[in-house]
Every structure is written in C-alpha cells, then in structure tokens.
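Engineer: Provided below: target.cif, containing mmCIF, C-alpha atoms (C1' of nucleotides).
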```cif
data_query
#
loop_
_atom_site.label_atom_id
_atom_site.label_comp_id
_atom_site.auth_asym_id
_atom_site.auth_seq_id
_atom_site.Cartn_x
_atom_site.Cartn_y
_atom_site.Cartn_z
CA MET A 1 25.36 22.17 21.25
CA THR A 2 22.43 20.83 23.28
CA ARG A 3 20.70 23.72 24.97
CA ARG A 4 20.61 22.82 28.63
CA GLY A 5 19.66 19.24 27.91
CA SER A 6 16.05 19.83 26.99
CA TYR A 7 16.78 19.69 23.26
CA ALA A 8 18.62 16.40 23.63
CA LYS A 9 15.81 15.01 25.75
CA GLY A 10 13.26 16.01 23.17
CA LEU A 11 15.22 14.22 20.49
CA ALA A 12 15.58 11.13 22.64
CA LYS A 13 11.84 11.04 23.19
CA ARG A 14 11.27 11.33 19.46
CA GLU A 15 13.49 8.32 18.87
CA GLU A 16 11.61 6.43 21.56
CA ILE A 17 8.31 7.21 19.87
CA LEU A 18 9.60 6.09 16.47
CA ASP A 19 10.78 2.80 17.95
CA ALA A 20 7.49 2.26 19.73
CA ALA A 21 5.60 3.01 16.52
CA LEU A 22 7.54 0.30 14.73
CA GLU A 23 6.74 -2.20 17.45
CA VAL A 24 3.04 -1.49 17.21
CA VAL A 25 2.98 -1.61 13.42
CA ALA A 26 4.83 -4.92 13.54
CA ARG A 27 2.23 -6.29 15.96
CA GLU A 28 -0.98 -4.78 14.65
CA GLY A 29 -0.22 -4.09 11.01
CA TYR A 30 -0.27 -0.69 9.36
CA ARG A 31 -3.99 -0.41 9.05
CA GLY A 32 -4.77 -1.38 12.61
CA THR A 33 -2.31 1.05 14.13
CA SER A 34 -3.67 4.20 15.74
CA VAL A 35 -1.74 7.09 17.20
CA ARG A 36 -3.30 6.18 20.54
CA GLU A 37 -1.70 2.77 20.52
CA ILE A 38 1.66 4.19 19.59
CA SER A 39 1.44 6.76 22.33
CA ALA A 40 0.53 4.09 24.87
CA ALA A 41 3.53 2.03 23.77
CA SER A 42 5.79 5.05 24.21
CA GLY A 43 4.45 5.74 27.70
CA LEU A 44 2.74 8.92 26.57
CA SER A 45 -0.77 10.16 26.13
CA GLN A 46 -1.93 10.81 22.61
CA ALA A 47 -1.66 14.55 23.14
CA GLY A 48 1.84 14.06 24.52
CA LEU A 49 2.87 12.32 21.35
CA MET A 50 1.31 14.96 19.15
CA HIS A 51 3.64 17.46 20.72
CA HIS A 52 6.51 15.74 18.86
CA PHE A 53 4.80 14.96 15.57
CA ALA A 54 2.17 17.15 13.99
CA SER A 55 0.26 14.26 12.47
CA LYS A 56 0.21 10.52 12.06
CA ASP A 57 1.46 10.81 8.50
CA GLU A 58 4.38 12.94 9.61
CA LEU A 59 5.24 10.36 12.24
CA PHE A 60 5.29 7.57 9.67
CA THR A 61 7.25 9.67 7.22
CA GLU A 62 9.88 10.30 9.89
CA ILE A 63 10.21 6.59 10.61
CA LEU A 64 10.99 5.91 6.96
CA ARG A 65 13.27 8.92 6.68
CA ARG A 66 15.26 7.68 9.66
CA ARG A 67 15.61 4.22 8.14
CA ASP A 68 16.92 5.77 4.94
CA GLU A 69 19.47 7.77 6.90
CA ILE A 70 20.72 4.62 8.61
CA ASP A 71 20.98 2.85 5.27
CA MET A 72 22.77 5.81 3.72
CA ALA A 73 25.26 5.81 6.59
CA LEU A 74 26.06 2.23 5.63
CA ILE A 75 27.23 3.30 2.18
CA ALA A 76 29.18 6.25 3.53
CA SER A 77 30.94 4.30 6.27
CA ASP A 78 32.84 1.73 4.21
CA PRO A 79 34.52 2.65 0.91
CA ASP A 80 34.26 -1.00 -0.18
CA ILE A 81 30.49 -0.85 0.04
CA ARG A 82 29.14 1.08 -2.90
CA ALA A 83 25.50 1.46 -3.90
CA LEU A 84 25.21 -1.87 -5.74
CA GLU A 85 26.56 -3.69 -2.69
CA ALA A 86 24.68 -1.62 -0.13
CA PHE A 87 21.33 -2.11 -1.85
CA PRO A 88 21.04 -5.89 -1.32
CA LEU A 89 22.57 -5.49 2.13
CA ALA A 90 19.81 -3.07 3.11
CA ILE A 91 17.24 -5.47 1.71
CA LYS A 92 18.70 -8.32 3.73
CA HIS A 93 18.59 -6.17 6.83
CA ASN A 94 14.92 -5.41 6.22
CA THR A 95 14.22 -9.09 6.65
CA GLU A 96 14.67 -8.61 10.37
CA VAL A 97 12.00 -5.91 10.62
CA PRO A 98 8.86 -7.09 8.82
CA GLY A 99 6.81 -4.41 10.55
CA LEU A 100 8.94 -1.73 8.96
CA VAL A 101 8.63 -3.40 5.58
CA HIS A 102 4.87 -3.52 5.95
CA LEU A 103 4.80 0.14 6.89
CA TYR A 104 6.92 0.98 3.86
CA VAL A 105 4.85 -0.89 1.28
CA CYS A 106 1.55 0.46 2.63
CA PHE A 107 2.66 4.02 3.17
CA SER A 108 4.51 4.40 -0.11
CA ALA A 109 1.45 3.03 -1.90
CA GLU A 110 -0.95 5.43 -0.18
CA ALA A 111 1.41 8.33 -0.67
CA THR A 112 1.03 8.08 -4.44
CA ALA A 113 -2.34 9.82 -4.11
CA PRO A 114 -2.12 13.32 -5.63
CA GLN A 115 -2.94 15.15 -2.41
CA HIS A 116 -0.99 12.98 0.03
CA VAL A 117 1.36 14.85 2.36
CA ALA A 118 4.13 12.27 1.93
CA ARG A 119 3.98 12.22 -1.85
CA ALA A 120 6.86 14.65 -2.24
CA PHE A 121 8.94 12.66 0.22
CA PHE A 122 8.65 9.51 -1.89
CA ILE A 123 9.19 11.29 -5.20
CA GLU A 124 12.42 12.70 -3.85
CA ARG A 125 13.40 9.43 -2.23
CA PHE A 126 13.03 7.45 -5.44
CA ALA A 127 14.99 10.06 -7.37
CA ARG A 128 17.83 10.06 -4.87
CA LEU A 129 18.02 6.28 -4.66
CA GLN A 130 18.02 5.97 -8.44
CA GLU A 131 20.70 8.63 -8.73
CA LEU A 132 22.90 6.72 -6.27
CA LEU A 133 22.54 3.49 -8.23
CA VAL A 134 23.02 5.19 -11.58
CA GLU A 135 26.28 6.75 -10.42
CA ASP A 136 27.62 3.41 -9.26
CA ILE A 137 26.54 1.66 -12.45
CA ARG A 138 28.26 4.31 -14.55
CA ALA A 139 31.42 4.05 -12.46
CA ARG A 140 31.49 0.32 -13.02
CA GLN A 141 30.88 0.81 -16.72
CA ALA A 142 33.91 3.08 -16.77
CA THR A 143 36.10 0.35 -15.28
CA GLY A 144 34.66 -2.27 -17.61
CA GLU A 145 33.02 -4.23 -14.79
CA LEU A 146 29.63 -3.58 -16.35
CA PRO A 147 28.94 -3.38 -20.09
CA VAL A 148 28.44 0.09 -21.54
CA GLY A 149 25.43 -1.18 -23.48
CA LEU A 150 23.46 -1.29 -20.23
CA ASN A 151 21.08 1.65 -19.79
CA ALA A 152 22.02 2.85 -16.31
CA GLN A 153 18.85 4.87 -15.66
CA SER A 154 16.54 2.13 -16.78
CA ALA A 155 18.45 -0.63 -14.99
CA ALA A 156 18.47 1.33 -11.74
CA GLY A 157 14.76 2.05 -11.94
CA SER A 158 13.98 -1.58 -12.67
CA LEU A 159 16.12 -2.76 -9.77
CA ILE A 160 14.39 -0.45 -7.31
CA ALA A 161 11.00 -1.53 -8.63
CA MET A 162 11.92 -5.17 -8.26
CA ALA A 163 13.10 -4.70 -4.71
CA ASP A 164 9.86 -2.93 -3.81
CA GLY A 165 7.69 -5.55 -5.43
CA LEU A 166 9.61 -8.32 -3.74
CA GLN A 167 8.76 -6.86 -0.37
CA THR A 168 5.06 -7.45 -0.91
CA GLN A 169 5.72 -10.98 -2.11
CA TRP A 170 8.03 -11.62 0.84
CA LEU A 171 5.45 -10.41 3.35
CA LEU A 172 3.04 -12.93 1.86
CA ASN A 173 5.67 -15.67 1.71
CA PRO A 174 8.80 -15.21 3.87
CA ASN A 175 10.54 -18.07 2.06
CA ILE A 176 11.30 -15.71 -0.79
CA ASP A 177 14.92 -14.56 -0.74
CA MET A 178 14.68 -10.92 -1.76
CA ALA A 179 18.40 -10.20 -1.63
CA ALA A 180 19.20 -13.24 -3.76
CA HIS A 181 16.79 -12.06 -6.47
CA VAL A 182 18.38 -8.63 -6.52
CA ILE A 183 21.93 -9.98 -6.55
CA GLU A 184 21.05 -12.35 -9.36
CA THR A 185 19.66 -9.49 -11.42
CA ILE A 186 22.76 -7.38 -10.90
CA SER A 187 24.88 -10.36 -11.93
CA SER A 188 22.84 -10.80 -15.08
CA TRP A 189 23.82 -7.27 -16.14
CA ARG A 190 27.38 -8.49 -16.66
CA LYS A 191 26.12 -10.68 -19.50
CA HIS A 192 24.51 -7.75 -21.24
CA ASP A 193 25.71 -7.15 -24.82
CA MET B 1 -29.78 -19.72 -17.01
CA THR B 2 -30.95 -16.43 -15.45
CA ARG B 3 -33.75 -17.17 -13.03
CA ARG B 4 -36.58 -14.89 -14.09
CA GLY B 5 -34.24 -11.95 -14.65
CA SER B 6 -33.66 -11.03 -11.04
CA TYR B 7 -30.36 -12.88 -10.97
CA ALA B 8 -29.16 -11.07 -14.07
CA LYS B 9 -30.28 -7.77 -12.65
CA GLY B 10 -28.42 -8.43 -9.43
CA LEU B 11 -25.28 -9.15 -11.38
CA ALA B 12 -25.67 -6.01 -13.45
CA LYS B 13 -26.00 -3.94 -10.30
CA ARG B 14 -22.87 -5.54 -8.90
CA GLU B 15 -20.96 -4.54 -12.01
CA GLU B 16 -22.33 -1.03 -11.74
CA ILE B 17 -21.13 -0.81 -8.14
CA LEU B 18 -17.67 -2.06 -9.06
CA ASP B 19 -17.40 0.55 -11.81
CA ALA B 20 -18.60 3.29 -9.49
CA ALA B 21 -16.09 2.21 -6.86
CA LEU B 22 -13.28 2.58 -9.38
CA GLU B 23 -14.43 6.06 -10.29
CA VAL B 24 -14.46 7.16 -6.67
CA VAL B 25 -11.06 5.63 -5.92
CA ALA B 26 -9.66 7.35 -9.01
CA ARG B 27 -11.04 10.67 -7.80
CA GLU B 28 -10.50 10.47 -4.05
CA GLY B 29 -7.67 7.99 -3.68
CA TYR B 30 -7.84 4.70 -1.87
CA ARG B 31 -7.59 6.14 1.60
CA GLY B 32 -10.25 8.78 1.15
CA THR B 33 -12.81 6.41 -0.27
CA SER B 34 -15.69 5.35 1.96
CA VAL B 35 -18.43 2.87 1.23
CA ARG B 36 -20.86 5.74 1.53
CA GLU B 37 -19.27 7.60 -1.35
CA ILE B 38 -19.24 4.50 -3.51
CA SER B 39 -22.88 3.84 -2.78
CA ALA B 40 -23.78 7.42 -3.63
CA ALA B 41 -21.89 7.11 -6.93
CA SER B 42 -23.82 3.91 -7.72
CA GLY B 43 -27.18 5.52 -6.98
CA LEU B 44 -27.66 3.40 -3.88
CA SER B 45 -27.80 3.92 -0.16
CA GLN B 46 -25.01 2.44 1.87
CA ALA B 47 -27.28 -0.33 3.09
CA GLY B 48 -28.34 -0.99 -0.47
CA LEU B 49 -24.73 -1.51 -1.45
CA MET B 50 -24.05 -3.76 1.51
CA HIS B 51 -26.69 -6.09 0.19
CA HIS B 52 -24.30 -6.95 -2.66
CA PHE B 53 -21.00 -6.96 -0.82
CA ALA B 54 -20.59 -8.08 2.75
CA SER B 55 -17.80 -5.63 3.49
CA LYS B 56 -15.64 -2.93 2.00
CA ASP B 57 -12.68 -5.30 1.75
CA GLU B 58 -14.79 -7.83 -0.13
CA LEU B 59 -15.87 -5.10 -2.54
CA PHE B 60 -12.28 -4.14 -3.27
CA THR B 61 -11.22 -7.75 -3.60
CA GLU B 62 -13.94 -8.30 -6.18
CA ILE B 63 -12.79 -5.32 -8.22
CA LEU B 64 -9.30 -6.76 -8.45
CA ARG B 65 -10.59 -10.27 -9.10
CA ARG B 66 -12.66 -8.99 -11.98
CA ARG B 67 -9.69 -7.19 -13.49
CA ASP B 68 -7.67 -10.38 -13.31
CA GLU B 69 -10.43 -12.26 -15.07
CA ILE B 70 -10.46 -9.72 -17.89
CA ASP B 71 -6.68 -9.95 -18.21
CA MET B 72 -6.81 -13.74 -18.18
CA ALA B 73 -9.40 -13.68 -20.94
CA LEU B 74 -6.87 -11.76 -23.01
CA ILE B 75 -4.41 -14.63 -22.86
CA ALA B 76 -7.06 -17.24 -23.56
CA SER B 77 -8.60 -15.39 -26.52
CA ASP B 78 -5.62 -15.22 -28.86
CA PRO B 79 -3.22 -18.14 -29.31
CA ASP B 80 -0.51 -15.70 -30.42
CA ILE B 81 -0.67 -13.92 -27.10
CA ARG B 82 1.04 -16.02 -24.48
CA ALA B 83 1.89 -15.01 -20.93
CA LEU B 84 5.08 -13.13 -21.75
CA GLU B 85 3.22 -11.07 -24.34
CA ALA B 86 0.06 -10.63 -22.30
CA PHE B 87 1.91 -9.41 -19.23
CA PRO B 88 3.27 -6.16 -20.72
CA LEU B 89 -0.02 -5.70 -22.59
CA ALA B 90 -1.93 -5.80 -19.32
CA ILE B 91 0.54 -3.34 -17.82
CA LYS B 92 0.08 -0.98 -20.74
CA HIS B 93 -3.67 -1.23 -20.35
CA ASN B 94 -3.38 -0.33 -16.67
CA THR B 95 -1.97 3.01 -17.75
CA GLU B 96 -5.49 4.02 -18.67
CA VAL B 97 -6.91 3.36 -15.20
CA PRO B 98 -4.65 4.97 -12.59
CA GLY B 99 -7.38 4.65 -9.98
CA LEU B 100 -7.34 0.91 -10.38
CA VAL B 101 -3.55 0.86 -10.14
CA HIS B 102 -3.70 2.91 -6.97
CA LEU B 103 -6.27 0.56 -5.51
CA TYR B 104 -4.09 -2.42 -6.39
CA VAL B 105 -0.86 -1.13 -4.87
CA CYS B 106 -2.58 0.01 -1.67
CA PHE B 107 -4.80 -3.00 -1.20
CA SER B 108 -2.15 -5.61 -1.99
CA ALA B 109 0.17 -3.87 0.45
CA GLU B 110 -2.40 -3.81 3.25
CA ALA B 111 -3.43 -7.37 2.55
CA THR B 112 0.01 -8.64 3.54
CA ALA B 113 -1.00 -8.21 7.20
CA PRO B 114 -1.34 -11.65 8.81
CA GLN B 115 -5.01 -11.28 9.68
CA HIS B 116 -6.18 -9.50 6.54
CA VAL B 117 -9.20 -11.02 4.82
CA ALA B 118 -7.71 -10.56 1.35
CA ARG B 119 -4.33 -12.08 2.23
CA ALA B 120 -5.26 -15.48 0.83
CA PHE B 121 -6.53 -13.88 -2.37
CA PHE B 122 -3.17 -12.24 -3.06
CA ILE B 123 -1.14 -15.31 -2.09
CA GLU B 124 -3.11 -17.34 -4.58
CA ARG B 125 -2.99 -14.60 -7.19
CA PHE B 126 0.79 -14.29 -7.07
CA ALA B 127 1.17 -18.06 -7.27
CA ARG B 128 -1.14 -18.33 -10.27
CA LEU B 129 0.49 -15.45 -12.12
CA GLN B 130 3.95 -16.83 -11.49
CA GLU B 131 2.84 -20.28 -12.62
CA LEU B 132 1.53 -18.82 -15.87
CA LEU B 133 4.80 -17.02 -16.57
CA VAL B 134 6.92 -20.01 -15.57
CA GLU B 135 5.04 -22.24 -18.00
CA ASP B 136 5.57 -19.84 -20.85
CA ILE B 137 9.26 -19.36 -20.02
CA ARG B 138 9.78 -23.13 -19.96
CA ALA B 139 7.95 -23.53 -23.26
CA ARG B 140 10.23 -20.94 -24.85
CA GLN B 141 13.25 -22.63 -23.35
CA ALA B 142 12.12 -25.86 -25.00
CA THR B 143 12.03 -24.16 -28.41
CA GLY B 144 15.38 -22.48 -27.83
CA GLU B 145 13.88 -18.98 -27.80
CA LEU B 146 15.08 -18.53 -24.23
CA PRO B 147 18.29 -19.97 -22.78
CA VAL B 148 17.92 -23.02 -20.55
CA GLY B 149 20.33 -21.45 -18.05
CA LEU B 150 17.59 -19.03 -17.04
CA ASN B 151 15.88 -19.93 -13.76
CA ALA B 152 12.22 -19.78 -14.76
CA GLN B 153 10.80 -19.53 -11.24
CA SER B 154 13.16 -16.83 -10.18
CA ALA B 155 12.84 -14.86 -13.40
CA ALA B 156 9.05 -14.95 -13.24
CA GLY B 157 9.02 -13.83 -9.61
CA SER B 158 11.42 -11.00 -10.37
CA LEU B 159 9.37 -9.86 -13.33
CA ILE B 160 6.16 -9.72 -11.31
CA ALA B 161 7.94 -7.86 -8.54
CA MET B 162 9.33 -5.36 -11.00
CA ALA B 163 5.95 -4.74 -12.57
CA ASP B 164 4.42 -4.15 -9.13
CA GLY B 165 7.18 -1.82 -8.03
CA LEU B 166 6.94 0.11 -11.27
CA GLN B 167 3.31 0.87 -10.56
CA THR B 168 4.20 2.84 -7.46
CA GLN B 169 6.92 4.71 -9.34
CA TRP B 170 4.56 5.37 -12.23
CA LEU B 171 1.86 6.77 -9.94
CA LEU B 172 4.46 9.21 -8.63
CA ASN B 173 5.80 9.96 -12.10
CA PRO B 174 3.58 9.07 -15.08
CA ASN B 175 6.47 9.63 -17.50
CA ILE B 176 7.83 6.23 -16.55
CA ASP B 177 7.11 3.65 -19.24
CA MET B 178 6.26 0.53 -17.24
CA ALA B 179 5.68 -1.74 -20.21
CA ALA B 180 8.99 -0.72 -21.80
CA HIS B 181 10.87 -1.64 -18.63
CA VAL B 182 9.23 -5.04 -18.53
CA ILE B 183 9.78 -5.72 -22.23
CA GLU B 184 13.41 -4.69 -21.91
CA THR B 185 13.91 -7.11 -19.04
CA ILE B 186 12.34 -9.99 -20.95
CA SER B 187 14.60 -9.15 -23.91
CA SER B 188 17.63 -9.22 -21.66
CA TRP B 189 16.85 -12.85 -20.79
CA ARG B 190 17.78 -13.84 -24.33
CA LYS B 191 21.35 -12.79 -23.61
CA HIS B 192 21.53 -14.99 -20.55
CA ASP B 193 24.38 -17.54 -20.61
"C1'" DG C 1 6.58 18.60 27.70
"C1'" DT C 2 2.94 16.23 29.24
"C1'" DC C 3 -1.53 15.63 30.94
"C1'" DT C 4 -6.98 15.24 31.01
"C1'" DA C 5 -10.80 16.05 28.62
"C1'" DT C 6 -13.24 16.80 24.72
"C1'" DA C 7 -14.36 18.40 20.00
"C1'" DT C 8 -15.27 16.79 15.61
"C1'" DT C 9 -15.78 13.91 12.11
"C1'" DC C 10 -16.54 9.85 10.09
"C1'" DA C 11 -16.27 5.04 9.52
"C1'" DG C 12 -18.56 0.31 8.67
"C1'" DA C 13 -22.33 -2.31 9.90
"C1'" DT C 14 -27.24 -3.55 11.06
"C1'" DA C 15 -32.52 -3.50 12.07
"C1'" DG C 16 -36.53 -3.46 10.18
"C1'" DA C 17 -40.03 -1.25 6.94
"C1'" DC C 18 -41.51 -1.43 2.19
"C1'" DG D 1 -33.39 -5.37 -3.42
"C1'" DT D 2 -33.50 -1.11 -1.58
"C1'" DC D 3 -34.59 2.22 1.71
"C1'" DT D 4 -34.37 5.20 6.24
"C1'" DA D 5 -32.59 5.45 10.46
"C1'" DT D 6 -29.47 4.40 13.75
"C1'" DC D 7 -25.93 1.88 16.34
"C1'" DT D 8 -21.47 1.60 17.81
"C1'" DG D 9 -17.17 2.51 17.75
"C1'" DA D 10 -13.12 4.71 16.37
"C1'" DA D 11 -10.11 8.01 14.62
"C1'" DT D 12 -7.25 12.45 14.66
"C1'" DA D 13 -6.76 16.68 16.49
"C1'" DT D 14 -7.05 20.47 19.86
"C1'" DA D 15 -7.92 23.39 24.22
"C1'" DG D 16 -6.24 24.47 28.20
"C1'" DA D 17 -4.42 23.09 32.96
"C1'" DC D 18 -0.12 21.90 35.26
#
```
Can you dump the structure from the file as structure tokens?
Structural biologist:
Amino acid sequence: MTRRGSYAKGLAKREEILDAALEVVAREGYRGTSVREISAASGLSQAGLMHHFASKDELFTEILRRRDEIDMALIASDPDIRALEAFPLAIKHNTEVPGLVHLYVCFSAEATAPQHVARAFFIERFARLQELLVEDIRARQATGELPVGLNAQSAAGSLIAMADGLQTQWLLNPNIDMAAHVIETISSWRKHD
Amino acid sequence: MTRRGSYAKGLAKREEILDAALEVVAREGYRGTSVREISAASGLSQAGLMHHFASKDELFTEILRRRDEIDMALIASDPDIRALEAFPLAIKHNTEVPGLVHLYVCFSAEATAPQHVARAFFIERFARLQELLVEDIRARQATGELPVGLNAQSAAGSLIAMADGLQTQWLLNPNIDMAAHVIETISSWRKHD
DNA sequence: GTCTATATTCAGATAGAC
DNA sequence: GTCTATCTGAATATAGAC
C-alpha cells in the first residue's frame, strides 16, 4: 500500500507539521502565527514546509479537516454514541486544545469572505454537521424521545450556532462550561410542545 | 460645547473614517483591508487617518463600539422595546450591513488572543449584553411571562452565543433567517418547566 | 524532500513640513 | 489636521541547488 516507504514518510511529516502548527497557534495566537514559525517548530525550513502544503490557508484548512475526521470517528466507533451525544463530547474535548479552538473561530470567520479559499470547506462542513444532527433528531422523534413538534433543521442549526458562539465566549472566559450549555439546550427540547 | 468648531469637525471626520472603513471591509473583506485603503476611501492619506486613530485595531474597535451605542440607543428610546425585543431587532438590522457582520465575527474571534488589545473590550461587551438580557428575563419571570425554572444567566449566555454563531452561518448562506432562530428560541423558553 | 537564497509585495507606523 | 516621504519589518511564495 505504501510505495517503498516514501509515501508513508511524507504523510508522517504532514502530521508532524499539523501538530507543530497547532502548538504555535496555541502559543502565539492565530494572527501572530507565520508559516516560518510553524516550519521552525516542525524542524523544517519554510520552503520545506511549502512542499507539503501549497499555502498557509490550505495548511490551516487541513488542520481543521483532520480534527473533524477524528470527531467523526468518535461517532462511528461506538453505536451508543450518536450525533446528539457526540456533539457535546467533542465540545468538551476542545476544552483541552484552546489553540485549536482559537484557530477555528478565527479561520471560520475569515473564510466567510466571498473570495476566501476555505469558504467552500466551511459551507460543506456546516451542511454535513447539520445533516448529522438532523438525522439523529428525527430518529429520536420517531422513537418518541423528542417531540415531533420540534423543527429538526432549525434546532440543529441553532445548536451548532450556539456551540460556535460559546467558543468565543469561552476563550474570553474559560469558566464558561460550553458542554453544559449545549446539553441543557438539548434537554430543553424534550419539553417542547 | 464645541470649542470653536474644530472639535466638531474632528468628530465629523472620525465618523467619516468609520463609515469609509465599513465600506472597504464590506468590499474587500476583513483580511484584505489595509489602513491605506481605508484612508484612501476617506479622502485622507494614511498619516492623516492615523491622526484620528492610534492603530488599526483601535479603529476597528471604535467601529464596533459605535454600533453598540446605536443599538443601545434603540433600547433606551422606546419603553416598549426591552432587551429581548431589541436583541432580534438588532440582529435583523445587521442583515443590511454584511461588512459590519464580517468585521464583528473576525475581530471578536481574533480578540480572544491573550495579548490582543481589544480583548478587554469584548469581555466587557459580552458581560454588559448578558447583564441586559438577564435583567429583562428576570423581570419577565417576575410577571409570570417566563417560567421561574429558566436559568436566566445560562439562557442569556446561550442566546448571545447562538446569535454570534448564526452570523458566521449567515455570511456563508444568506438564506438563513437569524432573527427567526433567535425569536424561536426565546419563544421556546415559555414552554420551560 | 529539503535546503539556501531571494523575489515580491505589502503592512503599520513615524518624522517633519505646511 | 493633513500632507509627503520614508522607515522598518514582515509576510508568503518561488527558483534552483543538492
């Protein structure tokens, strides 16, 4: 599968770079992070790094894509963990990586610009995440766990929005319990008409 | 009050710069906006602009502070408009100024960095906004309009978070009705235990 | 795949004249 | 209060050797 090891090595180096990038962002903040610093932290020159990622934006996009894959694997791994359980779990896990959270809030905000290269990534990401939550909500409506009067699309969108907004508040005040807010909101759905 | 007109003129120029800055951000996006471009749009040189604002970050902070003041004036002006009414109204109004929304989501995200000059501004802003909503929620609990079982602090924080998160989603997909989501959530509070 | 070296562009800030 | 001119520094990206 790995062609004479070089492919696997290239992948390993990519992972190393992504990890180093997170470290630097956590230390310096999103704005203060240059590709040069990331390359230094990965034991590479800047040009060496640019061999693996075409641009800084692509590098950051890949970091967030990888996080999503890890979070998705969480849902897939355990049949007892469905979207509405996995969502607050992922949020709780984020608490351990404030640098990643900072990267996410900054980059997703910037990416809303019409010409931004990561715009499509976030549009698709939001759609997929919402779809996942909507499916789980509908399944629970079918079993009677959640009331059918609840608008699944709207509730899912609101929940995602809340989780995103909480990240900014949490970065400003780490006493805020993001997961608790989200869990409380999901619980409140049960009281819906 | 205005000392021989020069003070008033200085203020007018400041306003002009803030308006021009919004235009440029709306056109170029937050990231692509330089002080030079803003100064050009205000009919000033860069140095001329820097006479009014010590730094780019201060300029952006002032734009957002001014918006808040306008929104606050809305609540104060009409006794029938209390915080829970004013909040979705302000959100609806934001729909007309996507550039300002983009500036807000980007700048508030960046400002969460520990050393950022606008960090204190946003910490205070969130606290004030939450306080305003909490007061109104409690008042409505006292009249029986909202159930006393509702945690006012938590509900207010969640509502603000949702509104912030919705702005990112709306910038990616303008079909989303931010105000409707917020109003729906406030309505759902009435069904709380 | 990684390096050195550099191209290119552009940023925010300041000095000092008017 | 505003200008011209410039400083100073940084960023991303690329060319080409090894």
Engineer: Residues of chain A were defined as contacting chain B if any atom lay at most 8 Å from it, counting all atoms listed in the file; please report them as a ChimeraX atom specification.
Structural biologist: /A:29-31,102,105-106,108-110,112-114,119,122-123,126,154,158-166,168-169,171-173,181,188,191-193
Engineer: Output the selection as an mmCIF file, in the frame of the given file - C-alpha atoms for each residue.
Structural biologist:
```cif
data_model
loop_
_atom_site.group_PDB
_atom_site.id
_atom_site.type_symbol
_atom_site.label_atom_id
_atom_site.label_comp_id
_atom_site.auth_asym_id
_atom_site.auth_seq_id
_atom_site.Cartn_x
_atom_site.Cartn_y
_atom_site.Cartn_z
ATOM 1 C CA GLY A 29 -0.220 -4.090 11.010
ATOM 2 C CA TYR A 30 -0.270 -0.690 9.360
ATOM 3 C CA ARG A 31 -3.990 -0.410 9.050
ATOM 4 C CA HIS A 102 4.870 -3.520 5.950
ATOM 5 C CA VAL A 105 4.850 -0.890 1.280
ATOM 6 C CA CYS A 106 1.550 0.460 2.630
ATOM 7 C CA SER A 108 4.510 4.400 -0.110
ATOM 8 C CA ALA A 109 1.450 3.030 -1.900
ATOM 9 C CA GLU A 110 -0.950 5.430 -0.180
ATOM 10 C CA THR A 112 1.030 8.080 -4.440
ATOM 11 C CA ALA A 113 -2.340 9.820 -4.110
ATOM 12 C CA PRO A 114 -2.120 13.320 -5.630
ATOM 13 C CA ARG A 119 3.980 12.220 -1.850
ATOM 14 C CA PHE A 122 8.650 9.510 -1.890
ATOM 15 C CA ILE A 123 9.190 11.290 -5.200
ATOM 16 C CA PHE A 126 13.030 7.450 -5.440
ATOM 17 C CA SER A 154 16.540 2.130 -16.780
ATOM 18 C CA SER A 158 13.980 -1.580 -12.670
ATOM 19 C CA LEU A 159 16.120 -2.760 -9.770
ATOM 20 C CA ILE A 160 14.390 -0.450 -7.310
ATOM 21 C CA ALA A 161 11.000 -1.530 -8.630
ATOM 22 C CA MET A 162 11.920 -5.170 -8.260
ATOM 23 C CA ALA A 163 13.100 -4.700 -4.710
ATOM 24 C CA ASP A 164 9.860 -2.930 -3.810
ATOM 25 C CA GLY A 165 7.690 -5.550 -5.430
ATOM 26 C CA LEU A 166 9.610 -8.320 -3.740
ATOM 27 C CA THR A 168 5.060 -7.450 -0.910
ATOM 28 C CA GLN A 169 5.720 -10.980 -2.110
ATOM 29 C CA LEU A 171 5.450 -10.410 3.350
ATOM 30 C CA LEU A 172 3.040 -12.930 1.860
ATOM 31 C CA ASN A 173 5.670 -15.670 1.710
ATOM 32 C CA HIS A 181 16.790 -12.060 -6.470
ATOM 33 C CA SER A 188 22.840 -10.800 -15.080
ATOM 34 C CA LYS A 191 26.120 -10.680 -19.500
ATOM 35 C CA HIS A 192 24.510 -7.750 -21.240
ATOM 36 C CA ASP A 193 25.710 -7.150 -24.820
#
```
Engineer: Name the residues captured by the PyMOL selection byres ((chain B) within 10 of (chain C)) when it is applied to the shown file; answer as a list in words.
Structural biologist: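 Output from the PyMOL selection byres ((chain B) within 10 of (chain C)), applied to this file: Ser34, Val35, Arg36, Gln46, Ala47, Met50, Ala54, Ser55 and Lys56 of chain B.
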Engineer: Rounded to one decimal in Å, what is the spacing between atom CA of A:Ala90 and atom CA of A:Met72?
Structural biologist: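 A separation of 9.4 Å between them.
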Engineer: Give me, as a list in words, the contact residues of chain D against chain A at a cut-off of 10 Å, counting only C-alpha atoms (C1' of nucleotides).
Structural biologist: DA10, DA11, DT12, DA13 and DT14 of chain D
Engineer: Calculate how many Å separate atom CA of B:Ser45 from atom C1' of D:DC3, rounding to one decimal.
Structural biologist: 7.2 Å
Engineer: Using the chain letters and numbers from this file, what does the PyMOL selection byres ((chain B and resi 41) around 9) select? Give the answer as a compact mmCIF listing (two decimals) with C-alpha atoms, keeping the file's coordinate frame.
Structural biologist:
```txt
# COMPACT_ATOMS: atom_id res chain seq x y z
CA ILE B 17 -21.13 -0.81 -8.14
CA ALA B 20 -18.60 3.29 -9.49
CA ALA B 21 -16.09 2.21 -6.86
CA GLU B 23 -14.43 6.06 -10.29
CA VAL B 24 -14.46 7.16 -6.67
CA ARG B 36 -20.86 5.74 1.53
CA GLU B 37 -19.27 7.60 -1.35
CA ILE B 38 -19.24 4.50 -3.51
CA SER B 39 -22.88 3.84 -2.78
CA ALA B 40 -23.78 7.42 -3.63
CA SER B 42 -23.82 3.91 -7.72
CA GLY B 43 -27.18 5.52 -6.98
CA LEU B 44 -27.66 3.40 -3.88
```
Engineer: Atom CA of B:Glu62 and atom CA of B:Ile137, how far apart in Å?
Structural biologist: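 Atom CA of B:Glu62 lies at a distance of 29.2 Å from atom CA of B:Ile137.
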Engineer: So which residues get picked by the PyMOL selection byres ((chain A and resi 74) around 12) here, written as a PyMOL selection string?
Structural biologist: chain A and resi 67-73+75-83+85-90+93
Engineer: Which of these residues is nearest to B:Pro98, using all atoms listed in the file: B:Leu22, B:Leu64, B:Val134, B:Ala179?
Structural biologist: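 The shortest atom-to-atom distance to B:Pro98 comes from B:Leu22.
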